[in-house]
Each structure stands twice: as structure tokens, then as C-alpha cells.
Amino acid sequence: MSEKEHPQEVDQETPTASVEETIDLAEWRVKNQAYLEKRAREKEQAQKAQSEKKSAQLEASKDTSKGLSSTRENASEVVEKEELDSVSEERLDQELTESDLPLELEENPREAAEEDSDLSSPELLQTEELESVPSPIKSKKLTRPKNKKKKAFIYKTVLFGIFLFLMLVGCLYLVSPLSKLKQFEVSGLTNTTKEQVLLATNIAESDYTAGVLLDKQTIEETIEDQLVWVDKAQLTYQFPTTFKIAVKEKYIVGYVKDGANYYPVLSSGETIDTAVTEETLPTAYLLFRMTDLELVRQFVVNLAEENMLEVAQHIQAVELSPTQATNDLLSLTMTEGHTVLVPLSELGKKLAFYEAISQKLTVLSYIDMEAGIYTYAK
């Protein structure tokens, strides 16, 4: 009875073990499938990363190829030169080893065969062909310095020829009469003649045209110093032989009366020695009733320093009226009929107020500027 029961128990445990093995095999298959899928994904990602890296390197090589295009030519020249030098060295070694070639063949036929194969390789044949063909790069390097030296020599020769030509022309010009031909044109003259201006230049007929042009400033100053009527002189040159002198003359401020004679007083304060008659005087003019020409000069200079020479047009007469307090007091008779008393030393400063004061006066008056400014009727 017991023996029959025991086999039954064994039969019940066997299905349970087979079920567990089936479960373990299924789990292994799932894990194995997951592992394979993971490896496939990793392999795919690795391939994708490698392809991206190759594309990035390709783009970088394209960018750098543009910048290296200029240097490749120089590099190729150096490489070709090095290859040619290496080929020549190999050929020299080959020639030296050819004498010992039979011994080497007897000792080691395999090494001799390898050397023969190396000598007959396409690379060596190509280098020999390169050596047999003349290199254009070497010829270019050899001819370039010669071309530069030739161009420099031609350039220097041309410059030297131009210099010699100019020197020859200059010498011929100096020895020719053309170098001393001078024509003068003078403009702006009213009280001075052309002859007086030319005489004041101190230019001789034997003077060179170039010398006159170089002494331009000195000639202008000489004209201004020697001619009392000339205020400003400007000398200009017009090719080939013409000189133009533009003169600006001084104008007449008034006249100094000495007896029956009248002497012009210029805007510089100078008095002309040449007298004019009363008939030649203008309708309205300033009369200096003073014989001291230094006082006349100071009167004009003081007005000029204050830019007040236009006020002189409103003055009919000037005379000296000194007092105990003021030795240089002047009495000015104005065209409006007023009389102004003003010191000569303060003429320019105080006379500037005359126009504003005269507009307020309704009767003929004295305008006393000796000490302050006062007005009172005549």
C-alpha cells in the first residue's frame, strides 16, 4: 500500500518542476530579447554619432580648405623640392649599392629580389620622371630675382635720364635770353604812377625771372616802404614772363592848412609834402588847423586803433585848445554844428559816444568830454 502511494507522490512533483523550468526559460528569453534590443540601440547610436562626427569633420575640412588654398601652393613647392632631394639621395644610394649587388644576391636572394621590386615600384618611377622633367617652380624661383633686378635697373636708369634731361633744360634756360625777360602789369593806382612803382621794386633788367619770383616778399615790402601812397602791394607771377603788381593805396583823411596851401593827410597819419590848391579840394573835407604834424599823426592813429576813422567824416575842423588841466585838449567842429571837447589821448574811446549823444540834442551844443561827458547849449 505504501509502495503504491510513493509513486503517486513522485508523479505529482514532476509537473511542478517542469513548469518552473518553463517559466525561467521564458524570463531568460525576455531578458535576452531586451538585452539584444539594447545592444542594437547602442550600436545604432554609436553609428549615428560616428556619422555625425564624420560630417562635422567634413564640414570643418571644407572650411579650412579655403583658408589653406593659398598655403598649399607654397607647401606643394616645398614638398616637391623635398621629394626631388630624396629621390636623388635614393638614386645615389642605389648606384653605390649596385657594385655590391652580386654578393648580396648570393648571400640573401630574397632581399635582392625585394630591392629590385622596390626599384621598379611605381612611386620610384614617378619620382624619376619628376626628376627628368625640369621643374617650373625652380625656374621661377631662379628667374624672379633676375626680373626684379632688371626692373630696378630700368627704373633707376629712367630716373637718372629724366634728371639729366631736366638739368640740361635748366642750363639751357639760364644761358638763354628768355631767363631774363620780364613784363610788369600794375593795377590799383590813383595817386601813384606805374613808373614810380617799378622804380621802387629795385628790379634790374639783368635780373633773372626766377630770382624775382624768389624775392617776392622783399619786393612787396620795398614798394610799401618807399611809396607813401601805397598801403599794400602784392606781386604775382604768370607764366612765362609776366609779373602782376596789385596796389592798394591809402586814402585821404583830411588836409593840413599852411597859409594858402593844403597838404593831404593819409589814413596812416602821414602828411604828403605835395600841396594842392583850394580849387582841387573836395566839397566836404576835414581841415586840421594845426601846424604840428605829429599831433595830426596821433589824431589819425588814435582813431585807426579804435576803428573810428569813419567818424572823421562828421568832423569839419580840428584845432588844439589846451587848458591848465589838459594840454592835449582838442576842439572838434562837427558837421551837425556841435562842438566836441575831447583830449587827444582819449580821442578814440570817448568819441565813440558822439553819435548816440548827438541824436538826443535838439539845439546846437557843446559836448564836453574832458572829464566825464557833459552837454550844454551854445
# chains A, B, ... in the order shown; residues from 1 in each chain; ligands from 1

$ residues_around --residues "A:Tyr376" --least-positions-apart "5" --cutoff "12 Å" --atoms "only C-alpha atoms" --output "PyMOL selection string"
chain A and resi 338-341+357-358+361-369

$ write_last_selection --atoms "N, CA, C and O atoms" --output "short mmCIF file (atom, residue, chain, number, x, y, z; two decimals), in the first residue's frame"
data_model
loop_
_atom_site.label_atom_id
_atom_site.label_comp_id
_atom_site.auth_asym_id
_atom_site.auth_seq_id
_atom_site.Cartn_x
_atom_site.Cartn_y
_atom_site.Cartn_z
N HIS A 338 27.61 170.90 -33.80
CA HIS A 338 28.03 170.75 -32.41
C HIS A 338 29.54 170.87 -32.31
O HIS A 338 30.27 170.69 -33.28
N THR A 339 30.00 171.19 -31.08
CA THR A 339 31.43 171.29 -30.80
C THR A 339 31.77 170.29 -29.72
O THR A 339 31.13 170.25 -28.66
N VAL A 340 32.80 169.49 -29.99
CA VAL A 340 33.20 168.44 -29.05
C VAL A 340 34.57 168.81 -28.50
O VAL A 340 35.50 169.11 -29.26
N LEU A 341 34.68 168.77 -27.17
CA LEU A 341 35.95 168.99 -26.49
C LEU A 341 36.41 167.65 -25.93
O LEU A 341 35.74 167.06 -25.07
N ILE A 357 24.91 160.53 -28.41
CA ILE A 357 24.61 161.78 -27.70
C ILE A 357 23.99 162.81 -28.65
O ILE A 357 23.04 163.51 -28.31
N SER A 358 24.54 162.91 -29.85
CA SER A 358 24.04 163.94 -30.80
C SER A 358 22.61 163.69 -31.20
O SER A 358 21.87 164.64 -31.51
N LEU A 361 20.27 165.56 -28.80
CA LEU A 361 20.35 167.02 -28.70
C LEU A 361 19.37 167.67 -29.66
O LEU A 361 19.26 167.27 -30.82
N THR A 362 18.69 168.69 -29.17
CA THR A 362 17.70 169.41 -30.01
C THR A 362 18.20 170.78 -30.43
O THR A 362 17.66 171.37 -31.36
N VAL A 363 19.26 171.26 -29.78
CA VAL A 363 19.86 172.55 -30.13
C VAL A 363 21.37 172.35 -30.27
O VAL A 363 21.92 171.36 -29.80
N LEU A 364 22.00 173.32 -30.94
CA LEU A 364 23.45 173.26 -31.06
C LEU A 364 24.07 173.35 -29.67
O LEU A 364 23.73 174.24 -28.88
N SER A 365 25.01 172.45 -29.40
CA SER A 365 25.52 172.33 -28.05
C SER A 365 27.02 172.05 -28.06
O SER A 365 27.61 171.71 -29.08
N TYR A 366 27.58 172.22 -26.86
CA TYR A 366 28.95 171.81 -26.59
C TYR A 366 28.87 170.43 -25.91
O TYR A 366 28.09 170.23 -24.98
N ILE A 367 29.69 169.53 -26.37
CA ILE A 367 29.79 168.20 -25.75
C ILE A 367 31.17 168.12 -25.13
O ILE A 367 32.18 167.94 -25.80
N ASP A 368 31.19 168.28 -23.80
CA ASP A 368 32.46 168.36 -23.08
C ASP A 368 32.83 166.97 -22.59
O ASP A 368 32.16 166.38 -21.74
N MET A 369 33.93 166.41 -23.18
CA MET A 369 34.42 165.08 -22.79
C MET A 369 35.78 165.16 -22.11
O MET A 369 36.49 164.16 -22.02
#

$ select_by_dssp --residues "stretch 188-309 of chain A" --states "helix (DSSP H, G or I)" --output "PyMOL selection string"
chain A and resi 194-201+209-214+216-226+278-280+293-305+309

$ select_by_dssp --residues "stretch 145-211 of chain A" --states "strand (DSSP E or B)" --output "PyMOL selection string"
chain A and resi 183-187

$ write_last_selection --atoms "N, CA, C and O atoms" --output "compact mmCIF listing (two decimals), in the first residue's frame"
# COMPACT_ATOMS: atom_id res chain seq x y z
N GLN A 183 57.91 141.12 -67.87
CA GLN A 183 56.87 142.09 -68.18
C GLN A 183 56.07 142.37 -66.91
O GLN A 183 55.73 141.44 -66.17
N PHE A 184 55.77 143.67 -66.67
CA PHE A 184 55.10 144.06 -65.44
C PHE A 184 53.76 144.72 -65.75
O PHE A 184 53.65 145.54 -66.67
N GLU A 185 52.76 144.34 -64.97
CA GLU A 185 51.44 144.94 -65.03
C GLU A 185 51.09 145.44 -63.64
O GLU A 185 51.14 144.68 -62.67
N VAL A 186 50.70 146.72 -63.52
CA VAL A 186 50.41 147.34 -62.22
C VAL A 186 48.95 147.79 -62.23
O VAL A 186 48.50 148.43 -63.18
N SER A 187 48.24 147.45 -61.16
CA SER A 187 46.82 147.83 -61.04
C SER A 187 46.56 148.47 -59.68
O SER A 187 47.34 148.31 -58.74

$ residues_around --residues "stretch 309-326 of chain A" --least-positions-apart "3" --cutoff "7 Å" --atoms "only C-alpha atoms" --output "PyMOL selection string"
chain A and resi 285-290+303-304+329-335

$ closest_residue --among "A:Leu214, A:Glu278, A:Ile223, A:Lys180" --to "A:Ala200" --atoms "only C-alpha atoms"
A:Ile223

$ residues_around --residues "A:Glu294" --least-positions-apart "5" --cutoff "12 Å" --atoms "only C-alpha atoms" --output "ChimeraX atom specification"
/A:256,265,269-271,288,299-301,344

$ write_last_selection --atoms "C-alpha atoms" --output "PDB file, in the first residue's frame"
ATOM      1  CA  VAL A 256      46.522 170.458 -43.147  1.00  0.00           C
ATOM      2  CA  VAL A 265      46.753 163.699 -44.561  1.00  0.00           C
ATOM      3  CA  GLY A 269      48.700 159.578 -40.349  1.00  0.00           C
ATOM      4  CA  GLU A 270      51.399 160.728 -42.784  1.00  0.00           C
ATOM      5  CA  THR A 271      51.196 164.156 -44.412  1.00  0.00           C
ATOM      6  CA  PHE A 288      43.418 170.369 -39.494  1.00  0.00           C
ATOM      7  CA  PHE A 299      44.931 162.097 -34.126  1.00  0.00           C
ATOM      8  CA  VAL A 300      44.627 159.735 -37.124  1.00  0.00           C
ATOM      9  CA  VAL A 301      46.433 156.847 -35.442  1.00  0.00           C
ATOM     10  CA  LEU A 344      43.797 163.656 -27.796  1.00  0.00           C
TER      11      LEU A 344
END

$ atom_distance --atom1 "atom CA of A:Met308" --atom2 "atom CA of A:Asp273"
25.2 Å

$ residues_around --residues "stretch 230-239 of chain A" --least-positions-apart "6" --cutoff "12 Å" --atoms "only C-alpha atoms" --output "JSON, numbers by chain"
{"A": [178, 179, 181, 182, 183, 184, 185, 186, 187, 188, 189, 190, 191, 192, 193, 194, 196, 197, 198, 200, 201, 209, 210, 211, 212, 213, 214, 215, 216, 217, 218, 219, 220, 221, 222, 223, 224, 245, 246, 247, 248, 249, 250, 251, 252, 266, 267, 268, 269, 270]}

$ closest_residue --among "A:Val30, A:Thr242, A:Leu281, A:Asp24" --to "A:Asn261" --atoms "only C-alpha atoms"
A:Leu281

$ atom_distance --atom1 "atom CA of A:Gly348" --atom2 "atom CA of A:Glu306"
5.5 Å
